[in-house]
Every structure is written in structure tokens, then in C-alpha cells.
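The block underneath contains the structure these notes are about, expressed in C-alpha cells.
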Amino acid sequence: MAPKKNHTLTGPERQATIYELLQERLRLNIRHTFITILEEEVSAFIQAGLYQRSSERKDYRNGYYERDLVTTAGEIEDLPVPRTRKGFHSQVFERYQRRQAELDEAILDMFVKGMSMEQVGNVVETLTGTHPSASTVSRVFHTLEDEYEGWKKRPLKAHYLYAYADGTYFTVIYDHTGCKMPILAIIGIDEQGYRDVLAFSVGERENQTAWEDLLDDLKVRGVQTVDLWVTDGNRAMLNAIDKKFPAAQRQRCIKHKMKNVLGYIPEKQQDLVEPELKAIFYHTNREKADQEAAAFITKYEKIYPTAVECLQRDLDDCLTFYSFPEKHWKYIRTSNIIERLYCEVKKRSHKMAAAFRNEGSCTLLFYAVIRGLHLRRISVPAKEPGTLENLHTT
């Protein structure tokens with residue numbers, strides 16, 4: 001005799017079946033609740049119940065239309081919504097839309113933080129019982145477009161203590177070919193110490209015109225003065241800053257400068273030279289820094305003349321930070337603040353493992369990432385009421 005098949009459900013299977021039954025029962029209850037609320041709402045609107053005669057009636061029922069509604073218990077299908085002759089608009093869905101907006105925000109947050117469209121869909125399906133398509137995730141992402149347009153036009157403050165300017169490259173598809181596209185960005189720190197990404201734009205090989213256009217945008221939106229610009233050595237950018245903000249001081253990023261200087265020194269000798277080079281930028285005042293620089297130049301000008309020439313080329317700009325409050329030196333010695341911004345954006349774009357389809361997708365993702373960043377405030381010394389003196393001591 002053949003053995004009987006065992007149809008007993010395993011523990012996990014039994015739990016899954018019970019969960020599905022509970023979810024189905026919950027959806028039925030939610031559906032019944034919505035129908036009840038809608039019927040009461042339309043009765044209040046027309047001031048008469050179903051088939052009720054009333055001298056106070058203001059409208060007449062006109063059948064139903066059906067709509068689907070996504071809830072945290074899953075999708076409620078074919079929900080009957082009452083209609084009237086003069087036009088009844090339920091407030092139920094407007095109130096419920098708040099929850100839908102929260103779901104959209106969660107979809108956006110997951111996508112921006114690096115999850116693929118498929119991964120986002122799987123998470124949402126676990127929470128709601130429905131799996132949003134890739135086009136749905138894309139639609140939610142592109143709802144940021146209007147917000148981004150408003151962000152680009154927002155007014156800025158007249159005075160910023162520090163501004164950081166830099167550019168980086170992303171791969172964008174042009175005529176079916178991946179090309180490097182630069183994005184130029186500026187971060188500002190205001191008089192209260194708050195950091196903000198002031199603007200960014202697509203550039204053309206980081207040329208001077210592109211930088212001038214970006215700086216003009218700052219001026220149009222209200223920026224009048226910047227005490228100190230922190231940059232690398234990009235000549236096109238520096239020329240643009242000199243032209244648009246001629247009164248501002250400039251800090252050359254010491255991290256980039258040290259890298260450039262060490263590039264002219266044999267690799268086996270770099271570990272010996274680097275501590276002496278670094279010491280120039282980590283003294284307690286400018287006088288000691290100048291002495292350290294002079295000693296370094298005297299020691300190495302005959303051994304590594306090209307490296308010393310590189311250091312001397314814009315040494316004064318590398319030491320500008322000594323004229324500002326000491327508690328700010330760690331923020332303004334380098335362009336790390338804006339470098340970290342680019343790292344955050346690239347951390348997300350690298351997870352895509354593909355080039356951007358167009359410039360718009362690239363800039364929108366850039367905005368989507370920075371809108372979610374929490375930039376820390378730096379401490380700014382208190383000033384006397386009514387004074388607007390710059391913080392530097394020169």
C-alpha cells in the first residue's frame with residue numbers, strides 16, 4: 001500500500017497562511033469602514049439619507065465610481081465612491097493622502113540612499129502588500145523637480161564668512177555615448193555659522209565662463225560679500241572669483257597643495273619630507289609658519305627644486321587661514337567640506353552602476369542627495385550689537 005501524503009503545513013507555512021488571512025480580514029474591515037464613512041459623508045453633503053425625503057435636501061445622488069486605494073494593509077480594490085449631480089468631492093481621500101505622501105517620501109528616501117527600484121518595490125510590498133513598478137518609483141523621484149526649481153531661485157544672504165567652490169565630474173549619456181560632465185558647486189557659511197549649499201550648475205570643462213555664470217547667480221539672489229573663498233588651484237575658477245568678488249580673500253586648500261608638492265618628490269622619500277611640509281600649516285600663528293616654510297625651502301631647494309617651486313608658487317594663499325579665528329582653522333585650511341559633499345553624491349551615483357541618461361537626471365539626483373544632508377553649524381564668536389566687522393584679524 002502506498003504511503004499517504006502528509007498535507008500538514010510546516011510552522012513557517014502555517015504562520016504565513018494565518019498572516020495572509022489576517023491581512024485579508026483587515027482589508028475587508030478597512031473597506032467596510034471606508035464605505036460607511038463615504039456614505040455618511042455624502043448624506044451630510046446633500047443633507048438627506050439614502051431614499052430619504054427632506055425639505056433641506058441640497059443635491060441628489062448620482063451612482064458611484066470605483067477606485068483603488070493603497071493602504072498599509074494592502075490595496076483596497078474597486079472601492080465604491082458616491083457621486084452627486086452637482087459634484088460631490090470626498091475629503092476622505094484628501095485626509096488619507098497624507099499617509100500616501102508619507103509613503104512617497106519613504107520611496108524617495110530609499111531610492112536616494114542607494115536602493116535600486118526593485119529593492120524599493122520589495123520593501124514597499126512588504127509594508128503595503130503592493131509592489132510599485134519602476135515607473136512609479138521614477139515618478140515619485142521626479143516629483144522633486146518643482147521643489148528643485150524653487151530651490152534654485154531662493155534668495156540668499158548678503159554676507160557669508162566663508163565660501164567653498166569646487167567641481168567634479170559625472171558620466172552622462174550624450175548621443176548614446178557616456179561623457180564626463182562637470183558639476184560646479186558652492187557651499188557657504190553665514191554669519192551665524194550655518195552651512196548651506198548655495199548653488200550648483202552644469203559646467204563646460206570647468207571653464208571661466210561657467211564659473212562666472214554660477215557666481216553671477218549668487219549675486220542675483222542677494223550675495224554681496226564673501227570674506228574668504230576656500231578653493232583648489234583651478235585657474236578658471238580663481239579668475240572668475242577675482243572678477244566677481246575682488247575684495248574677498250582666498251585660501252588655497254593645503255591638502256591639494258601638499259599633494260602637488262609631494263608629487264615632485266621621489267615616492268621613497270615622501271614619508272620623510274611630508275611631516276616637515278605639513279608642519280608649515282599646523283603652527284599656532286603665521287610667524288612660526290613663515291619660519292617653518294623658510295626652513296623647508298632652505299633645506300630642499302637644491303635637492304627638490306621643482307617641489308620647492310611648487311610650494312612657493314602660491315604659499316601666501318595657503319597661509320591665509322592664520323588671519324582668521326583659530327577655532328575655524330580646521331574648517332578653512334582645506335576644501336574638505338565641499339569634498340565631502342561630492343563624496344555623498346558619488347556614493348549614491350556609484351550604486352547605480354550606470355551612467356545618467358541625461359543632465360536633468362544627474363542634477364536632480366545631486367539635489368535629492370543634498371536636500372537630505374544635515375550640515376553641522378560651526379561656532380562663530382559673538383559680535384557687538386550693530387557691528388558687521390569681518391572676523392579676520394588683518
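How things are named: the first chain in the C-alpha cells is A, the next is B, and so on; residues count from 1 in each chain; ligands count from 1 in the order shown.
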
Pull the strand (DSSP E or B) assignments for region 170-388 of chain A out of DSSP run on the backbone, and list those residues as a compact mmCIF listing (two decimals) with N, CA and C atoms, in the first residue's frame.
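The new file out-v9.txt reads:
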```
# COMPACT_ATOMS: atom_id res chain seq x y z
N PHE A 170 30.63 63.72 -13.49
CA PHE A 170 29.73 62.58 -13.52
C PHE A 170 29.58 62.12 -14.97
N THR A 171 29.28 60.85 -15.15
CA THR A 171 29.12 60.32 -16.50
C THR A 171 27.66 60.43 -16.94
N VAL A 172 27.46 61.10 -18.08
CA VAL A 172 26.11 61.33 -18.62
C VAL A 172 26.09 60.87 -20.07
N ILE A 173 24.96 60.31 -20.48
CA ILE A 173 24.83 59.83 -21.86
C ILE A 173 24.50 60.98 -22.80
N TYR A 174 25.35 61.18 -23.81
CA TYR A 174 25.10 62.14 -24.88
C TYR A 174 25.22 61.39 -26.20
N THR A 177 26.46 57.91 -26.01
CA THR A 177 27.83 57.72 -25.54
C THR A 177 28.00 58.35 -24.16
N GLY A 178 28.67 57.65 -23.26
CA GLY A 178 28.91 58.19 -21.93
C GLY A 178 30.02 59.23 -21.98
N CYS A 179 29.72 60.43 -21.48
CA CYS A 179 30.69 61.53 -21.46
C CYS A 179 30.80 62.10 -20.05
N LYS A 180 31.97 62.62 -19.72
CA LYS A 180 32.18 63.25 -18.41
C LYS A 180 31.56 64.65 -18.40
N MET A 181 30.66 64.87 -17.45
CA MET A 181 30.00 66.17 -17.32
C MET A 181 30.35 66.78 -15.97
N PRO A 182 30.91 68.00 -15.96
CA PRO A 182 31.26 68.61 -14.67
C PRO A 182 30.06 69.27 -14.00
N ILE A 183 30.01 69.14 -12.68
CA ILE A 183 29.07 69.91 -11.87
C ILE A 183 29.89 70.82 -10.97
N LEU A 184 29.60 72.12 -11.01
CA LEU A 184 30.28 73.11 -10.19
C LEU A 184 29.39 73.45 -9.01
N ALA A 185 29.95 73.50 -7.82
CA ALA A 185 29.13 73.74 -6.63
C ALA A 185 29.79 74.73 -5.69
N ILE A 186 28.96 75.39 -4.88
CA ILE A 186 29.44 76.36 -3.89
C ILE A 186 28.70 76.13 -2.58
N ILE A 187 29.45 76.01 -1.50
CA ILE A 187 28.89 75.92 -0.15
C ILE A 187 29.27 77.19 0.60
N GLY A 188 28.32 77.76 1.34
CA GLY A 188 28.59 78.96 2.12
C GLY A 188 28.39 78.73 3.61
N ILE A 189 29.11 79.49 4.42
CA ILE A 189 28.90 79.51 5.87
C ILE A 189 28.56 80.95 6.24
N ASP A 190 27.38 81.15 6.82
CA ASP A 190 26.91 82.51 7.09
C ASP A 190 27.43 83.05 8.42
N ARG A 195 25.96 76.23 7.64
CA ARG A 195 26.42 75.83 6.31
C ARG A 195 25.23 75.62 5.38
N ASP A 196 25.44 75.91 4.12
CA ASP A 196 24.36 75.72 3.14
C ASP A 196 24.97 75.55 1.76
N VAL A 197 24.41 74.63 0.99
CA VAL A 197 24.80 74.53 -0.42
C VAL A 197 24.09 75.67 -1.13
N LEU A 198 24.84 76.66 -1.55
CA LEU A 198 24.24 77.87 -2.13
C LEU A 198 23.76 77.63 -3.56
N ALA A 199 24.54 76.91 -4.32
CA ALA A 199 24.18 76.71 -5.73
C ALA A 199 25.07 75.63 -6.34
N PHE A 200 24.58 75.05 -7.41
CA PHE A 200 25.42 74.18 -8.25
C PHE A 200 24.87 74.23 -9.66
N SER A 201 25.72 73.95 -10.61
CA SER A 201 25.28 74.01 -12.01
C SER A 201 26.16 73.11 -12.86
N VAL A 202 25.68 72.84 -14.05
CA VAL A 202 26.47 72.08 -15.03
C VAL A 202 27.45 73.03 -15.68
N THR A 225 28.90 90.00 -0.34
CA THR A 225 30.29 89.86 0.08
C THR A 225 30.56 88.46 0.64
N VAL A 226 31.77 88.01 0.41
CA VAL A 226 32.29 86.77 1.00
C VAL A 226 33.66 87.11 1.57
N ASP A 227 33.89 86.81 2.84
CA ASP A 227 35.18 87.15 3.46
C ASP A 227 36.31 86.30 2.90
N LEU A 228 36.08 84.99 2.75
CA LEU A 228 37.15 84.08 2.35
C LEU A 228 36.62 82.99 1.44
N TRP A 229 37.29 82.81 0.31
CA TRP A 229 36.97 81.69 -0.59
C TRP A 229 38.00 80.59 -0.38
N VAL A 230 37.53 79.38 -0.17
CA VAL A 230 38.40 78.21 0.01
C VAL A 230 38.30 77.37 -1.27
N THR A 231 39.42 77.18 -1.96
CA THR A 231 39.40 76.53 -3.28
C THR A 231 40.65 75.68 -3.48
N GLN A 249 39.21 87.48 0.28
CA GLN A 249 40.49 86.80 0.42
C GLN A 249 40.35 85.36 -0.07
N ARG A 250 41.52 84.73 -0.28
CA ARG A 250 41.50 83.38 -0.83
C ARG A 250 42.37 82.46 0.01
N GLN A 251 41.83 81.26 0.29
CA GLN A 251 42.58 80.21 0.97
C GLN A 251 42.77 79.05 0.01
N ARG A 252 44.03 78.74 -0.27
CA ARG A 252 44.35 77.59 -1.12
C ARG A 252 44.29 76.34 -0.26
N PHE A 356 24.22 58.41 -16.12
CA PHE A 356 22.94 59.12 -16.11
C PHE A 356 22.42 59.24 -17.54
```

>> Just want the 10 Å neighbourhood of Gly222 (chain A), counted on only C-alpha atoms, with same-chain residues fewer than 6 positions away dropped. Output as a list in words.
In response: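 Skipping anything fewer than 6 positions along the chain leaves Arg154, Pro155, Leu156, Lys157, Ala158, His159 and Asp216 of chain A.
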
Show me a table, sorted first by chain and then by increasing residue number, of the residues of region 266-297 of chain A having an atom at most 8 Å from region 301-325 of chain A, each with its shortest atom pair and the distance in Å to one decimal, counting only C-alpha atoms and written as JSON lines.
```
{"residue": "A:Phe281", "atom": "CA", "partner": "A:Leu319", "partner_atom": "CA", "distance": 7.1}
{"residue": "A:Asn285", "atom": "CA", "partner": "A:Tyr322", "partner_atom": "CA", "distance": 6.2}
{"residue": "A:Arg286", "atom": "CA", "partner": "A:Tyr322", "partner_atom": "CA", "distance": 5.6}
{"residue": "A:Ala289", "atom": "CA", "partner": "A:Leu319", "partner_atom": "CA", "distance": 7.9}
{"residue": "A:Ile297", "atom": "CA", "partner": "A:Glu301", "partner_atom": "CA", "distance": 5.4}
```

Output of the above residues as a CSV table (one decimal), in the first residue's frame, restricted to N, CA and C atoms:
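Written out: again.csv:
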```csv
chain,number,residue,atom,x,y,z
A,281,PHE,N,51.7,74.2,8.1
A,281,PHE,CA,50.3,74.6,8.1
A,281,PHE,C,49.6,74.2,9.5
A,285,ASN,N,50.7,80.2,14.9
A,285,ASN,CA,50.5,81.5,14.3
A,285,ASN,C,51.2,81.6,13.0
A,286,ARG,N,51.0,82.7,12.3
A,286,ARG,CA,51.6,82.9,11.0
A,286,ARG,C,53.1,83.1,11.0
A,289,ALA,N,54.7,79.8,11.2
A,289,ALA,CA,54.5,79.1,9.9
A,289,ALA,C,55.5,79.6,8.8
A,297,ILE,N,62.2,75.5,2.7
A,297,ILE,CA,62.7,75.9,1.4
A,297,ILE,C,64.3,75.9,1.4
```

Give me the residues near region 32-34 of chain A as a CSV table (one decimal) with N, CA and C atoms, in the first residue's frame, where near means some atom within 10 Å (using only C-alpha atoms) and where sequence neighbours in that chain fewer than 3 positions away do not count.
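The resulting file, part-v3.csv, is shown below:
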```csv
chain,number,residue,atom,x,y,z
A,26,LEU,N,-8.4,42.2,7.5
A,26,LEU,CA,-8.1,43.6,7.8
A,26,LEU,C,-8.5,44.4,6.7
A,27,ARG,N,-8.2,44.0,5.4
A,27,ARG,CA,-8.6,44.8,4.3
A,27,ARG,C,-10.1,44.9,4.1
A,28,LEU,N,-10.8,43.8,4.4
A,28,LEU,CA,-12.3,43.8,4.3
A,28,LEU,C,-12.8,44.8,5.3
A,29,ASN,N,-12.3,44.8,6.5
A,29,ASN,CA,-12.7,45.7,7.6
A,29,ASN,C,-12.5,47.2,7.2
A,37,ILE,N,-18.0,55.5,6.0
A,37,ILE,CA,-17.6,56.9,6.1
A,37,ILE,C,-18.1,57.7,4.9
A,38,LEU,N,-17.9,57.1,3.7
A,38,LEU,CA,-18.3,57.8,2.4
A,38,LEU,C,-19.8,58.0,2.4
A,39,GLU,N,-20.5,57.0,2.8
A,39,GLU,CA,-22.0,57.1,2.8
A,39,GLU,C,-22.5,58.2,3.7
A,40,GLU,N,-21.9,58.2,4.9
A,40,GLU,CA,-22.2,59.2,5.9
A,40,GLU,C,-21.8,60.6,5.4
A,76,ILE,N,-6.8,48.2,-1.5
A,76,ILE,CA,-8.3,48.0,-1.5
A,76,ILE,C,-8.8,48.3,-2.9
A,79,LEU,N,-13.2,50.2,-4.7
A,79,LEU,CA,-13.9,50.9,-3.6
A,79,LEU,C,-15.0,51.8,-4.2
A,80,PRO,N,-16.3,51.6,-3.9
A,80,PRO,CA,-17.3,52.4,-4.5
A,80,PRO,C,-17.4,53.8,-3.8
A,81,VAL,N,-17.2,54.8,-4.6
A,81,VAL,CA,-17.3,56.2,-4.2
A,81,VAL,C,-18.5,56.9,-4.7
A,92,VAL,N,-12.3,62.4,2.4
A,92,VAL,CA,-11.6,61.2,3.0
A,92,VAL,C,-10.3,60.9,2.3
A,93,PHE,N,-10.3,61.0,1.0
A,93,PHE,CA,-9.0,60.7,0.3
A,93,PHE,C,-8.0,61.8,0.4
```
